[in-house]
Every structure is written in structure tokens, then in C-alpha cells.
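Pasted below: work-v9.txt, compact mmCIF, C-alpha atoms and all ligand atoms.
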```
# COMPACT_ATOMS: atom_id res chain seq x y z
CA MET A 1 -9.15 -1.69 14.68
CA THR A 2 -9.68 -0.12 11.23
CA PRO A 3 -9.48 -2.07 7.94
CA ASP A 4 -6.22 -0.26 7.30
CA ASP A 5 -4.80 -1.49 10.63
CA LEU A 6 -5.72 -5.04 9.58
CA LYS A 7 -4.02 -4.61 6.20
CA ARG A 8 -0.88 -3.46 7.98
CA GLN A 9 -0.98 -6.46 10.33
CA ALA A 10 -1.20 -8.86 7.38
CA ALA A 11 1.66 -7.02 5.67
CA ALA A 12 3.78 -7.18 8.80
CA ARG A 13 3.31 -10.96 9.08
CA ALA A 14 4.49 -11.41 5.50
CA LEU A 15 7.93 -10.16 6.58
CA ASP A 16 8.36 -13.56 8.28
CA TRP A 17 8.86 -15.09 4.81
CA VAL A 18 11.58 -12.63 3.81
CA ARG A 19 15.19 -13.76 4.02
CA PRO A 20 18.42 -11.87 3.37
CA GLY A 21 19.45 -11.89 -0.27
CA MET A 22 15.93 -12.53 -1.59
CA ARG A 23 14.55 -11.21 -4.84
CA LEU A 24 10.99 -10.12 -4.10
CA GLY A 25 7.95 -9.21 -6.17
CA LEU A 26 6.35 -6.07 -4.75
CA GLY A 27 2.59 -5.92 -5.20
CA THR A 28 0.33 -2.94 -5.75
CA GLY A 29 -2.50 -1.44 -3.73
CA SER A 30 -3.12 -0.16 -0.24
CA THR A 31 -2.25 -3.48 1.45
CA ALA A 32 0.90 -4.13 -0.58
CA ARG A 33 1.98 -0.56 0.09
CA HIS A 34 2.12 -1.36 3.83
CA PHE A 35 4.40 -4.28 3.01
CA VAL A 36 6.73 -2.09 0.94
CA GLU A 37 6.85 0.49 3.72
CA LEU A 38 7.60 -2.12 6.41
CA LEU A 39 10.18 -3.76 4.16
CA GLY A 40 11.83 -0.37 3.78
CA GLU A 41 12.22 -0.19 7.55
CA ARG A 42 14.00 -3.56 7.52
CA VAL A 43 16.22 -2.46 4.64
CA ARG A 44 17.22 0.65 6.55
CA ALA A 45 18.10 -1.64 9.46
CA GLY A 46 20.46 -3.61 7.20
CA LEU A 47 18.34 -6.24 5.40
CA ASP A 48 19.74 -6.96 1.94
CA VAL A 49 16.89 -7.63 -0.53
CA ILE A 50 15.88 -6.38 -3.93
CA GLY A 51 12.37 -5.93 -5.30
CA VAL A 52 10.56 -5.94 -8.62
CA PRO A 53 7.64 -3.49 -8.44
CA THR A 54 4.35 -4.45 -10.11
CA SER A 55 3.38 -0.88 -11.03
CA GLU A 56 4.77 2.60 -11.48
CA THR A 57 3.07 3.51 -8.19
CA THR A 58 4.83 0.72 -6.31
CA GLN A 59 8.11 1.65 -7.99
CA ALA A 60 7.72 5.18 -6.59
CA ASP A 61 6.74 3.81 -3.15
CA ALA A 62 9.73 1.47 -3.07
CA GLU A 63 12.09 4.31 -3.96
CA ARG A 64 10.52 6.55 -1.33
CA PHE A 65 10.72 3.86 1.37
CA GLY A 66 14.28 2.92 0.44
CA VAL A 67 13.70 -0.56 -1.01
CA PRO A 68 16.22 -1.27 -3.80
CA VAL A 69 14.47 -2.11 -7.05
CA THR A 70 15.29 -4.02 -10.19
CA THR A 71 13.37 -5.36 -13.19
CA LEU A 72 12.25 -8.79 -14.32
CA ASP A 73 14.63 -8.38 -17.26
CA ASP A 74 17.58 -8.26 -14.88
CA GLU A 75 16.09 -10.75 -12.37
CA PRO A 76 13.67 -13.00 -14.28
CA ARG A 77 13.10 -15.38 -11.36
CA LEU A 78 11.93 -14.22 -7.95
CA GLN A 79 11.66 -16.16 -4.71
CA VAL A 80 8.65 -14.51 -3.09
CA THR A 81 5.97 -12.06 -4.22
CA VAL A 82 3.78 -10.31 -1.67
CA ASP A 83 0.63 -8.72 -3.04
CA GLY A 84 -2.90 -7.77 -2.04
CA ALA A 85 -6.15 -8.93 -3.60
CA ASP A 86 -9.68 -7.71 -4.15
CA GLU A 87 -11.10 -11.12 -3.32
CA ILE A 88 -9.71 -14.41 -2.02
CA GLY A 89 -11.89 -17.38 -2.90
CA PRO A 90 -11.71 -21.18 -2.62
CA GLY A 91 -8.26 -22.70 -3.17
CA LEU A 92 -6.70 -19.24 -2.86
CA SER A 93 -8.20 -18.24 -6.19
CA LEU A 94 -8.08 -14.46 -6.45
CA ILE A 95 -9.63 -11.47 -8.12
CA LYS A 96 -7.06 -8.75 -8.60
CA GLY A 97 -6.82 -5.55 -10.59
CA GLY A 98 -8.98 -3.15 -8.61
CA GLY A 99 -6.06 -0.76 -8.84
CA GLY A 100 -5.42 -1.56 -12.49
CA ALA A 101 -2.09 -3.35 -11.97
CA LEU A 102 -3.24 -6.90 -12.80
CA LEU A 103 -1.04 -7.42 -15.86
CA ARG A 104 2.30 -6.70 -14.22
CA GLU A 105 1.08 -8.35 -11.02
CA LYS A 106 0.30 -11.58 -12.84
CA ILE A 107 3.60 -11.57 -14.75
CA VAL A 108 5.52 -11.03 -11.52
CA ALA A 109 3.49 -13.65 -9.59
CA ALA A 110 4.05 -16.20 -12.35
CA ALA A 111 7.79 -15.49 -12.24
CA SER A 112 7.88 -16.17 -8.49
CA ASP A 113 8.43 -19.41 -6.62
CA HIS A 114 5.94 -18.36 -3.94
CA MET A 115 3.10 -15.84 -4.08
CA ILE A 116 1.81 -14.61 -0.73
CA VAL A 117 -1.45 -12.71 -0.72
CA ILE A 118 -2.09 -10.32 2.15
CA ALA A 119 -5.51 -8.95 3.06
CA ASP A 120 -7.96 -7.97 5.71
CA GLU A 121 -10.67 -10.54 6.39
CA SER A 122 -13.32 -8.75 4.31
CA LYS A 123 -11.55 -10.07 1.19
CA LEU A 124 -11.95 -13.75 2.15
CA LEU A 125 -15.10 -15.10 0.48
CA PRO A 126 -16.80 -18.45 -0.24
CA ALA A 127 -16.95 -17.61 -3.98
CA LEU A 128 -15.39 -15.07 -6.33
CA GLY A 129 -17.35 -12.46 -8.24
CA ALA A 130 -18.93 -9.91 -5.92
CA PHE A 131 -16.06 -7.59 -6.83
CA PRO A 132 -16.28 -6.65 -10.53
CA LEU A 133 -13.73 -8.64 -12.51
CA PRO A 134 -11.16 -6.37 -14.20
CA ILE A 135 -10.40 -7.32 -17.80
CA GLU A 136 -7.49 -5.48 -19.43
CA VAL A 137 -7.98 -4.84 -23.15
CA VAL A 138 -6.09 -3.04 -25.90
CA PRO A 139 -7.75 0.23 -26.96
CA PHE A 140 -7.77 -0.82 -30.64
CA GLY A 141 -11.04 -2.52 -31.49
CA LEU A 142 -12.53 -1.86 -28.07
CA MET A 143 -16.13 -2.38 -29.15
CA ALA A 144 -15.37 -5.66 -30.96
CA THR A 145 -13.43 -6.94 -27.96
CA ARG A 146 -16.20 -5.84 -25.61
CA ASN A 147 -18.79 -7.73 -27.69
CA ALA A 148 -16.62 -10.84 -27.72
CA ILE A 149 -16.25 -10.69 -23.94
CA ALA A 150 -20.00 -10.21 -23.51
CA ALA A 151 -20.64 -13.26 -25.71
CA ALA A 152 -18.17 -15.32 -23.66
CA LEU A 153 -19.91 -14.28 -20.46
CA GLU A 154 -23.33 -15.17 -21.86
CA SER A 155 -22.05 -18.58 -22.97
CA LEU A 156 -21.30 -19.27 -19.30
CA ALA A 157 -24.69 -17.90 -18.17
CA LEU A 158 -22.95 -14.89 -16.62
CA PRO A 159 -24.36 -11.35 -16.97
CA PRO A 160 -22.69 -9.47 -19.85
CA GLU A 161 -22.43 -6.27 -17.81
CA LEU A 162 -19.18 -4.53 -18.79
CA LYS A 163 -18.15 -1.06 -17.77
CA LEU A 164 -15.20 0.82 -19.21
CA ARG A 165 -13.19 1.99 -16.22
CA THR A 166 -12.75 5.73 -16.08
CA GLY A 167 -10.13 7.77 -14.30
CA SER A 168 -9.67 11.44 -13.67
CA ALA A 169 -11.90 13.87 -15.61
CA GLY A 170 -14.08 10.97 -16.72
CA LEU A 171 -11.56 9.81 -19.31
CA ALA A 172 -10.83 6.13 -19.80
CA PHE A 173 -8.44 4.79 -17.17
CA VAL A 174 -5.15 3.79 -18.81
CA THR A 175 -3.01 1.07 -17.26
CA ASP A 176 0.78 1.16 -16.92
CA GLY A 177 0.85 -0.92 -20.10
CA GLY A 178 -1.25 1.63 -22.04
CA HIS A 179 -4.43 -0.47 -22.06
CA PHE A 180 -8.03 0.02 -20.96
CA ILE A 181 -9.96 -1.95 -18.34
CA LEU A 182 -13.47 -3.34 -18.66
CA ASP A 183 -14.97 -4.22 -15.28
CA ALA A 184 -17.39 -7.14 -15.39
CA ALA A 185 -20.11 -7.12 -12.70
CA LEU A 186 -20.70 -10.86 -12.45
CA GLY A 187 -22.10 -11.28 -8.95
CA ARG A 188 -20.79 -14.81 -8.56
CA ILE A 189 -18.39 -16.84 -10.71
CA PRO A 190 -19.31 -20.52 -10.36
CA ASP A 191 -16.49 -21.77 -12.61
CA PRO A 192 -13.50 -19.35 -12.60
CA LYS A 193 -11.32 -21.74 -14.63
CA SER A 194 -13.75 -21.89 -17.57
CA LEU A 195 -14.15 -18.13 -17.50
CA ALA A 196 -10.38 -17.59 -17.41
CA GLY A 197 -9.96 -19.86 -20.43
CA LYS A 198 -12.66 -18.11 -22.45
CA LEU A 199 -11.32 -14.64 -21.68
CA ALA A 200 -7.73 -15.57 -22.48
CA ALA A 201 -8.83 -16.83 -25.92
CA ILE A 202 -10.27 -13.47 -27.01
CA PRO A 203 -8.01 -11.34 -29.23
CA GLY A 204 -7.80 -7.89 -27.67
CA VAL A 205 -7.94 -9.21 -24.11
CA VAL A 206 -4.48 -8.64 -22.67
CA GLU A 207 -5.13 -10.20 -19.25
CA HIS A 208 -7.88 -10.65 -16.70
CA GLY A 209 -7.97 -10.37 -12.94
CA LEU A 210 -8.57 -14.05 -12.16
CA PHE A 211 -5.42 -15.36 -10.49
CA LEU A 212 -5.85 -19.13 -10.37
CA GLY A 213 -3.23 -21.48 -8.98
CA LEU A 214 -0.81 -18.64 -8.30
CA ALA A 215 -1.16 -17.83 -4.59
CA ARG A 216 0.27 -20.44 -2.24
CA THR A 217 -0.16 -18.60 1.03
CA ALA A 218 -2.78 -16.14 2.24
CA ILE A 219 -2.24 -13.97 5.29
CA VAL A 220 -5.59 -12.68 6.44
CA ALA A 221 -5.96 -10.26 9.34
CA GLY A 222 -9.22 -9.98 11.23
CA ALA A 223 -10.66 -8.96 14.57
CA ALA A 224 -9.67 -12.35 16.03
CA GLY A 225 -6.05 -12.12 14.85
CA VAL A 226 -3.95 -13.03 11.83
CA ARG A 227 -4.62 -16.31 9.99
CA VAL A 228 -2.19 -17.99 7.63
CA ILE A 229 -3.85 -20.19 5.00
CA GLU A 230 -1.62 -22.48 2.97
CA GLN A 231 -2.60 -23.97 -0.37
CA SER A 232 -1.00 -27.38 -0.83
O1 LIG B 1 -4.50 -3.63 -9.21
C1 LIG B 1 -4.46 -3.68 -7.99
C2 LIG B 1 -4.17 -4.86 -7.20
O2 LIG B 1 -4.59 -6.05 -7.77
C3 LIG B 1 -4.44 -4.78 -5.72
O3 LIG B 1 -3.61 -5.72 -5.13
C4 LIG B 1 -5.86 -5.07 -5.34
O4 LIG B 1 -6.72 -4.17 -6.03
C5 LIG B 1 -6.07 -4.92 -3.82
O5 LIG B 1 -5.83 -3.62 -3.44
P1 LIG B 1 -6.01 -3.14 -1.94
O6 LIG B 1 -4.94 -3.78 -1.13
O7 LIG B 1 -5.85 -1.63 -2.01
O8 LIG B 1 -7.39 -3.53 -1.52
```

As C-alpha cells, how would this structure be written, given the file I've shared?
Amino acid sequence: MTPDDLKRQAAARALDWVRPGMRLGLGTGSTARHFVELLGERVRAGLDVIGVPTSETTQADAERFGVPVTTLDDEPRLQVTVDGADEIGPGLSLIKGGGGALLREKIVAAASDHMIVIADESKLLPALGAFPLPIEVVPFGLMATRNAIAAALESLALPPELKLRTGSAGLAFVTDGGHFILDAALGRIPDPKSLAGKLAAIPGVVEHGLFLGLARTAIVAGAAGVRVIEQS
């Protein structure tokens, strides 16, 4: 079984939470894409749902797979969001944003009654931080914002290692919102809540990839089968 097979298994299980008439948040990334594709199969078989994509890529996928889409402006409250993650830590804390979609993903998750995270078992970890934490920043004042983030990291005894994410041709990667991403190689984040608070207080930081208290259910597929973890 390949990691991609496991992602698809987790995505398939998430369909159990989908009911006719639901308004769904559609996540971004290779795992969420499986969900959108499988949801499209159900829609073609007659399921009536509508989705809010969390990125331009997912919007295109949803259209290609035949999932009707809307916006949060037209449907500001969603019942269920299904999304992937880069890491799943204690209490279903998450690192997200490896694909650069963290801002819309967090807005959509926060507008949802129930966020379900789907992943293969490699994403389930005893602590967050091995995956570099994406921090979305406005291009204006990049160096000042970067210095402020580095100072915040140092104040928490975390390494101030920040890398501007690059895309094609070595240019800065630009998010759907027109921002840049600084990836913070932290190794281990002992206190995600304190870090989230410090980052959110920095002017120029638009959002960060720590998703705390948002996911209620994790569906994790591994060699031994699919596990459902609920956060009470
Ligand atoms: O910005 C991207 C998202 O947060 C993804 O959900 C995350 O990076 C996981 O992606 P994948 O399912 O491809 O590992």
C-alpha cells in the first residue's frame, strides 16, 4: 500500500460524515484532492451537496470532478470541512500550509461546525514541529516582519530559522491571497498555543499554520487500517 493509497482510504472514510444538503468546506492538498474526487463520484450518483473550496487549485479540482461550488460570502456557515494536514499532534493540533493554502483553510475551518482532518499515519506525531511551520506574511515590510518573527521565536527558545518559500524559477511563492510564506524550521514546538499567540500579534503576519482547537475528528489511514480519532 503506497502513502497515496492510504490518503485515499482516509478520504473515502470521510464520506461517512457527508449528508444530503450539506454545505462542505473543501480542503487543499493531495489528501483533500482525493476527497473532492470521491465526493464528485457521489455527486454524479445524485448526492446534493455544495462546497466552498479553500484554494484556487481546489476550486479547479471541484469543477473538474463535478462538485458544485459556492463561496463563504454566499454560505458563511458550513457544516463539515474535510482537509488534510502536514502534521497532527496532541489534541488534534495541526500544522497546515505545506501547500500554501493555510489562510483560506483556516477561515473555512473556523466557519465550519465540524473540521475533519484526513491523513496517512505518517502525519500523526507526538509533538508538532518537525515539519517547518508556514507563516503567511504580507510582502510589504518583509524584512521587518521577518525580524519580528525571529525575535518572537527566540523569546520562546525556538530557533529563529526562517526561509522565504520559493516557487517556480526561484521566485518567491505567492499565495492565493497575494502574500509570501516564511517557513520556520523549529524541530519541536513545546507550546504551540504561546507560539500562535506571539505570531498572531505581529503586524505583517497574516496567518500561521498552527491550527489549534479547530479539528474535531482525525481520520488516519495506516498499514493496520483506518483509525478515527475524536477530540472531545
Ligand atoms: O496548504 C496546504 C494544506 O494545508 C494541506 O492540507 C497540507 O499541506 C497537507 O497536504 P497533503 O495532503 O498534500 O500532504

Using only C-alpha atoms and all ligand atoms, what table do you get, as JSON lines, when you list each residue of chain A with an atom no more than 6 Å from ligand LIG 1 (chain B), its nearest pair of atoms, and their distance in Å rounded to one decimal, rows by chain then rising number?
```
{"residue": "A:Thr28", "atom": "CA", "partner": "B:LIG1", "partner_atom": "O3", "distance": 4.9}
{"residue": "A:Gly29", "atom": "CA", "partner": "B:LIG1", "partner_atom": "O7", "distance": 3.8}
{"residue": "A:Ser30", "atom": "CA", "partner": "B:LIG1", "partner_atom": "O7", "distance": 3.6}
{"residue": "A:Thr31", "atom": "CA", "partner": "B:LIG1", "partner_atom": "O6", "distance": 3.7}
{"residue": "A:Ala32", "atom": "CA", "partner": "B:LIG1", "partner_atom": "O6", "distance": 5.9}
{"residue": "A:Asp83", "atom": "CA", "partner": "B:LIG1", "partner_atom": "O3", "distance": 5.6}
{"residue": "A:Gly84", "atom": "CA", "partner": "B:LIG1", "partner_atom": "O3", "distance": 3.8}
{"residue": "A:Ala85", "atom": "CA", "partner": "B:LIG1", "partner_atom": "C5", "distance": 4.0}
{"residue": "A:Asp86", "atom": "CA", "partner": "B:LIG1", "partner_atom": "C5", "distance": 4.6}
{"residue": "A:Lys96", "atom": "CA", "partner": "B:LIG1", "partner_atom": "O2", "distance": 3.8}
{"residue": "A:Gly97", "atom": "CA", "partner": "B:LIG1", "partner_atom": "O1", "distance": 3.3}
{"residue": "A:Gly98", "atom": "CA", "partner": "B:LIG1", "partner_atom": "O4", "distance": 3.6}
{"residue": "A:Gly99", "atom": "CA", "partner": "B:LIG1", "partner_atom": "O1", "distance": 3.3}
{"residue": "A:Gly100", "atom": "CA", "partner": "B:LIG1", "partner_atom": "O1", "distance": 4.0}
{"residue": "A:Ala101", "atom": "CA", "partner": "B:LIG1", "partner_atom": "O1", "distance": 3.7}
{"residue": "A:Leu102", "atom": "CA", "partner": "B:LIG1", "partner_atom": "O1", "distance": 5.0}
```

Original post:
Suppose you want the space between CA of Leu142 (chain A) and CA of Gly209 (chain A); what is it in Å?
Top reply: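 Distance between the two atoms: 17.9 Å.
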
Original post:
Given the choices A:Ala109, A:Ile50, A:Leu182, A:Leu156, which gets closest to Leu24 (chain A) if the distance is worked out from only C-alpha atoms?
Top reply: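 Of A:Ala109, A:Ile50, A:Leu182, A:Leu156, the one nearest Leu24 (chain A) is A:Ile50, counting only C-alpha atoms.
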
Original post:
So which residues touch region 219-223 of chain A within 9 Å, counting only C-alpha atoms, skipping near sequence neighbours fewer than 3 positions away, as a ChimeraX atom specification?
Top reply: /A:1,3,5-11,13-14,116-124,226-230

Original post:
Leu103 (chain A): which residues within 10 Å, counting all atoms listed in the file, same-chain residues fewer than 3 positions away excluded, as number ranges by chain?
Top reply: A: 54-55, 96-97, 100, 106-109, 135-136, 175-177, 179, 206-209

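By chain and then residue number, the residues within 12 Å of Thr145 (chain A) are Ile135, Glu136, Val137, Val138, Pro139, Phe140, Gly141, Leu142, Met143, Asn147, Ala148, Ile149, Ala150, Ala151, Ala152, Leu162, Leu164, Phe180, Ile181, Leu182, Leu199, Ala200, Ala201, Ile202, Pro203, Gly204, Val205 and Val206 of chain A, counting all atoms listed in the file and disregarding those fewer than 2 positions away in sequence.
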
**OP:** For Ala157 (chain A), please output as a ChimeraX atom specification all residues within 12 Å (counting all atoms listed in the file; exclusion window: fewer than 5 positions along the same chain).
**Re:** /A:150-152,186-191,194-195

Subject >> Who sits within 12 Å of region 111-115 of chain A, all atoms listed in the file, same chain under 4 positions skipped, as number ranges by chain >> reply: A: 14, 17-18, 22-27, 51-52, 54, 71-73, 75-85, 92-94, 104-107, 211-219, 230-232

Report, as lines of an AutoDock Vina configuration file, the axis-aligned box around all atoms of region 189-204 of chain A present in the file, extended by 4 Å on each side; give centre and edge lengths in Å to one decimal place.
```
center_x = -13.5
center_y = -14.9
center_z = -19.8
size_x = 19.6
size_y = 22.0
size_z = 26.9
```

Original post:
Between CA of Glu63 (chain A) and CA of Gly46 (chain A), what is the distance, to one decimal in Å?
Top reply: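 Separating CA of Glu63 (chain A) from CA of Gly46 (chain A) is a distance of 16.0 Å.
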
**OP:** Would you mind reading off the distance between CA of Lys193 (chain A) and CA of Leu128 (chain A), one decimal, in Å?
**Re:**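 Computing it gives 11.4 Å between the two atoms.
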
**OP:** Would you please work out which residue, of A:Ala130, A:Val43, A:Leu125, A:Leu171, is nearest to Pro20 (chain A) when using only C-alpha atoms?
**Re:**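 Of the candidates, the smallest distance to Pro20 (chain A) is held by A:Val43.
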
**OP:** Would you mind telling me which residue in A:Ala45, A:Ala144, A:Leu210, A:Leu39 lies nearest to Val67 (chain A) when using all atoms listed in the file?
**Re:**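 Of the candidates, the smallest distance to Val67 (chain A) is held by A:Leu39.
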
**OP:** Compute the distance from (9.3, 1.6, -0.2) to each atom, counting all atoms listed in the file, keep the residues with any atom at most 10 Å away, and return them as JSON, numbers by chain; use the coordinates of the file.
**Re:** {"A": [26, 33, 34, 35, 36, 37, 38, 39, 40, 41, 43, 51, 53, 58, 59, 60, 61, 62, 63, 64, 65, 66, 67, 68, 69]}
